[in-house]
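**Q** Dropping the structure in here first, questions after.
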Amino acid sequence: MAAAWRREQPGAPTQSIEIVTPIWWLGKLFTDDRARALRAAGIDAATLDLLSVLRRGGPPYTLTTREIANRTLVTAGAVSQRVARAESQGFVERTAERRSPGQTGRTAVRVTLTAAGYELIEQSVAEVLNREARLVDGLSAAERETLA
């Protein structure tokens, strides 16, 4: 591919093609494989992200929406949509937390993983991680370390 571009557009900066293109292809393959695993587990990527961040937070599996946004690197609006969808499915509960007297700012919203959400994330993470472990089984310990 790089040689063809050098032939067709001499002087074009092709040095990245042999590195970036295979990584992009692998990313697509991994994304497609993860999507299949999630479909089989009955969860979508956004819900997995939300439930995972709550689960990784440890007991009592509660975070504010601001903490969720910071940890998932998505906007407050996206967090709100994810929480609303997961709440309607019974995976999380929302509670408003009033500020102490004298504190300024909005009311914080706390999101807590429900028993159903906990069960779903345990099954889903196990499925995804086991599947992804099989994808790297052929790599040696040194290759895994280099890639990590």
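We name chains A, B, ... following the order of the structure tokens; residues begin at 1 in each chain, and ligands are numbered from 1 as shown.
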What residues in chain A get the DSSP label strand (DSSP E)? Please answer as a list in words.
**A**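 Residues of chain A classed as strand (DSSP E): Thr62, Leu63, Thr64, Val92, Glu93, Arg94, Thr95, Ala96, Glu97, Ala108, Val109, Arg110, Val111, Thr112 and Leu113 of chain A.
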**Q** Okay, now the selection with C-alpha atoms, as a PDB file, in the first residue's frame?
**A**
ATOM      1  CA  THR A  62     -21.793   4.364  43.899  1.00  0.00           C
ATOM      2  CA  LEU A  63     -20.364   7.375  42.064  1.00  0.00           C
ATOM      3  CA  THR A  64     -21.608  10.836  41.215  1.00  0.00           C
ATOM      4  CA  VAL A  92     -28.680   1.417  38.385  1.00  0.00           C
ATOM      5  CA  GLU A  93     -30.517   3.736  40.759  1.00  0.00           C
ATOM      6  CA  ARG A  94     -30.166   7.519  40.892  1.00  0.00           C
ATOM      7  CA  THR A  95     -30.392   9.611  44.023  1.00  0.00           C
ATOM      8  CA  ALA A  96     -30.022  13.362  44.424  1.00  0.00           C
ATOM      9  CA  GLU A  97     -27.581  14.478  47.090  1.00  0.00           C
ATOM     10  CA  ALA A 108     -24.985  16.102  43.026  1.00  0.00           C
ATOM     11  CA  VAL A 109     -26.561  13.001  41.511  1.00  0.00           C
ATOM     12  CA  ARG A 110     -25.311   9.679  42.822  1.00  0.00           C
ATOM     13  CA  VAL A 111     -25.600   6.548  40.703  1.00  0.00           C
ATOM     14  CA  THR A 112     -25.592   3.140  42.400  1.00  0.00           C
ATOM     15  CA  LEU A 113     -25.276  -0.277  40.818  1.00  0.00           C
TER      16      LEU A 113
END
**Q** Please list as JSON, numbers by chain every residue within 12 Å of Phe30 (chain A), counting only C-alpha atoms and excluding residues in the same chain fewer than 2 positions away.
**A** {"A": [23, 24, 25, 26, 27, 28, 32, 33, 34, 35, 36, 37, 128, 129, 131, 132, 133, 134, 135, 136]}
**Q** May I have the residues within 10 Å of Arg55 (chain A) as a VMD selection string, using only C-alpha atoms and disregarding those fewer than 2 positions away in the same chain?
**A** chain A and resid 49 to 53 57 to 63 112 to 113 117 to 118 121 to 122
**Q** May I have the residues from that selection written out with all heavy atoms, as a short mmCIF file (atom, residue, chain, number, x, y, z; two decimals), in the first residue's frame?
**A**
data_model
loop_
_atom_site.label_atom_id
_atom_site.label_comp_id
_atom_site.auth_asym_id
_atom_site.auth_seq_id
_atom_site.Cartn_x
_atom_site.Cartn_y
_atom_site.Cartn_z
N ASP A 49 -19.71 0.24 29.73
CA ASP A 49 -18.82 1.29 30.23
C ASP A 49 -19.34 1.84 31.55
O ASP A 49 -18.58 1.98 32.53
CB ASP A 49 -18.68 2.38 29.18
CG ASP A 49 -17.53 3.33 29.42
OD1 ASP A 49 -16.50 2.92 30.01
OD2 ASP A 49 -17.65 4.50 29.01
N LEU A 50 -20.61 2.16 31.60
CA LEU A 50 -21.21 2.72 32.82
C LEU A 50 -21.15 1.72 33.98
O LEU A 50 -20.67 2.06 35.07
CB LEU A 50 -22.67 3.12 32.56
CG LEU A 50 -23.47 3.53 33.80
CD1 LEU A 50 -22.89 4.79 34.43
CD2 LEU A 50 -24.93 3.70 33.45
N LEU A 51 -21.63 0.51 33.75
CA LEU A 51 -21.65 -0.48 34.82
C LEU A 51 -20.23 -0.86 35.26
O LEU A 51 -19.99 -1.09 36.45
CB LEU A 51 -22.44 -1.72 34.40
CG LEU A 51 -23.90 -1.51 34.01
CD1 LEU A 51 -24.58 -2.84 33.72
CD2 LEU A 51 -24.66 -0.71 35.05
N SER A 52 -19.31 -0.90 34.31
CA SER A 52 -17.92 -1.23 34.64
C SER A 52 -17.29 -0.19 35.55
O SER A 52 -16.59 -0.54 36.51
CB SER A 52 -17.07 -1.34 33.37
OG SER A 52 -17.44 -2.45 32.62
N VAL A 53 -17.51 1.08 35.26
CA VAL A 53 -16.90 2.12 36.09
C VAL A 53 -17.49 2.09 37.50
O VAL A 53 -16.76 2.30 38.47
CB VAL A 53 -16.99 3.52 35.43
CG1 VAL A 53 -18.38 4.12 35.52
CG2 VAL A 53 -15.97 4.47 36.02
N GLY A 57 -15.27 0.80 40.92
CA GLY A 57 -15.17 1.73 42.04
C GLY A 57 -15.21 1.05 43.39
O GLY A 57 -14.85 1.65 44.39
N GLY A 58 -15.62 -0.21 43.43
CA GLY A 58 -15.70 -0.95 44.68
C GLY A 58 -16.95 -0.61 45.46
O GLY A 58 -17.66 0.35 45.15
N PRO A 59 -17.22 -1.43 46.51
CA PRO A 59 -18.41 -1.19 47.31
C PRO A 59 -18.40 0.23 47.87
O PRO A 59 -17.34 0.75 48.20
CB PRO A 59 -18.29 -2.22 48.45
CG PRO A 59 -17.37 -3.28 47.91
CD PRO A 59 -16.43 -2.55 46.97
N PRO A 60 -19.51 0.87 47.92
CA PRO A 60 -20.89 0.42 47.66
C PRO A 60 -21.31 0.57 46.20
O PRO A 60 -22.51 0.62 45.91
CB PRO A 60 -21.72 1.33 48.57
CG PRO A 60 -20.96 2.63 48.55
CD PRO A 60 -19.51 2.23 48.48
N TYR A 61 -20.36 0.65 45.27
CA TYR A 61 -20.64 0.75 43.83
C TYR A 61 -21.49 1.97 43.51
O TYR A 61 -22.48 1.90 42.77
CB TYR A 61 -21.29 -0.53 43.29
CG TYR A 61 -20.54 -1.77 43.72
CD1 TYR A 61 -21.13 -2.72 44.55
CD2 TYR A 61 -19.23 -1.96 43.32
CE1 TYR A 61 -20.44 -3.84 44.95
CE2 TYR A 61 -18.52 -3.09 43.72
CZ TYR A 61 -19.12 -4.02 44.54
OH TYR A 61 -18.43 -5.12 44.95
N THR A 62 -21.09 3.10 44.07
CA THR A 62 -21.79 4.36 43.90
C THR A 62 -20.81 5.46 43.51
O THR A 62 -19.75 5.58 44.14
CB THR A 62 -22.50 4.77 45.21
OG1 THR A 62 -23.44 3.75 45.55
CG2 THR A 62 -23.22 6.09 45.07
N LEU A 63 -21.15 6.22 42.49
CA LEU A 63 -20.36 7.38 42.06
C LEU A 63 -21.31 8.50 41.68
O LEU A 63 -22.46 8.25 41.33
CB LEU A 63 -19.50 7.03 40.84
CG LEU A 63 -18.40 5.99 41.01
CD1 LEU A 63 -17.83 5.60 39.66
CD2 LEU A 63 -17.30 6.51 41.92
N THR A 112 -25.96 4.36 41.68
CA THR A 112 -25.59 3.14 42.40
C THR A 112 -25.96 1.92 41.57
O THR A 112 -27.06 1.84 41.01
CB THR A 112 -26.32 3.08 43.76
OG1 THR A 112 -26.01 4.26 44.51
CG2 THR A 112 -25.92 1.85 44.55
N LEU A 113 -25.05 0.99 41.50
CA LEU A 113 -25.28 -0.28 40.82
C LEU A 113 -26.31 -1.09 41.60
O LEU A 113 -26.19 -1.23 42.82
CB LEU A 113 -23.94 -1.02 40.76
CG LEU A 113 -23.74 -2.18 39.82
CD1 LEU A 113 -23.96 -1.75 38.38
CD2 LEU A 113 -22.32 -2.72 39.98
N GLY A 117 -27.78 -5.00 37.99
CA GLY A 117 -26.64 -4.41 37.28
C GLY A 117 -25.35 -5.10 37.65
O GLY A 117 -24.49 -5.35 36.79
N TYR A 118 -25.18 -5.43 38.92
CA TYR A 118 -23.99 -6.14 39.39
C TYR A 118 -23.89 -7.50 38.70
O TYR A 118 -22.83 -7.87 38.20
CB TYR A 118 -24.05 -6.30 40.91
CG TYR A 118 -22.82 -6.96 41.49
CD1 TYR A 118 -21.74 -6.19 41.91
CD2 TYR A 118 -22.74 -8.34 41.61
CE1 TYR A 118 -20.61 -6.79 42.44
CE2 TYR A 118 -21.61 -8.94 42.13
CZ TYR A 118 -20.55 -8.17 42.55
OH TYR A 118 -19.43 -8.77 43.06
N ILE A 121 -22.98 -7.03 34.97
CA ILE A 121 -21.59 -6.63 34.70
C ILE A 121 -20.62 -7.76 35.01
O ILE A 121 -19.63 -7.95 34.31
CB ILE A 121 -21.21 -5.30 35.42
CG1 ILE A 121 -19.94 -4.72 34.82
CG2 ILE A 121 -21.05 -5.48 36.91
CD1 ILE A 121 -20.00 -4.42 33.34
N GLU A 122 -20.91 -8.55 36.03
CA GLU A 122 -20.04 -9.69 36.34
C GLU A 122 -20.02 -10.67 35.17
O GLU A 122 -18.94 -11.11 34.75
CB GLU A 122 -20.52 -10.40 37.62
CG GLU A 122 -20.32 -9.59 38.88
CD GLU A 122 -18.86 -9.30 39.19
OE1 GLU A 122 -18.11 -10.25 39.48
OE2 GLU A 122 -18.48 -8.13 39.14
#
**Q** Rank A:Ser124, A:Thr114, A:Ala3, A:Gly77 by their smallest atom-to-atom distance to Leu54 (chain A), using only C-alpha atoms, and report the top residue only.
**A**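 Between A:Ser124, A:Thr114, A:Ala3, A:Gly77, the residue approaching Leu54 (chain A) most closely is A:Thr114.
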**Q** Measuring between only C-alpha atoms, which one of A:Leu139, A:Ile19, A:Ala45, A:Ala116 shows the shortest distance to Ser88 (chain A)?
**A**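 Closest residue, counting only C-alpha atoms: A:Ala116.
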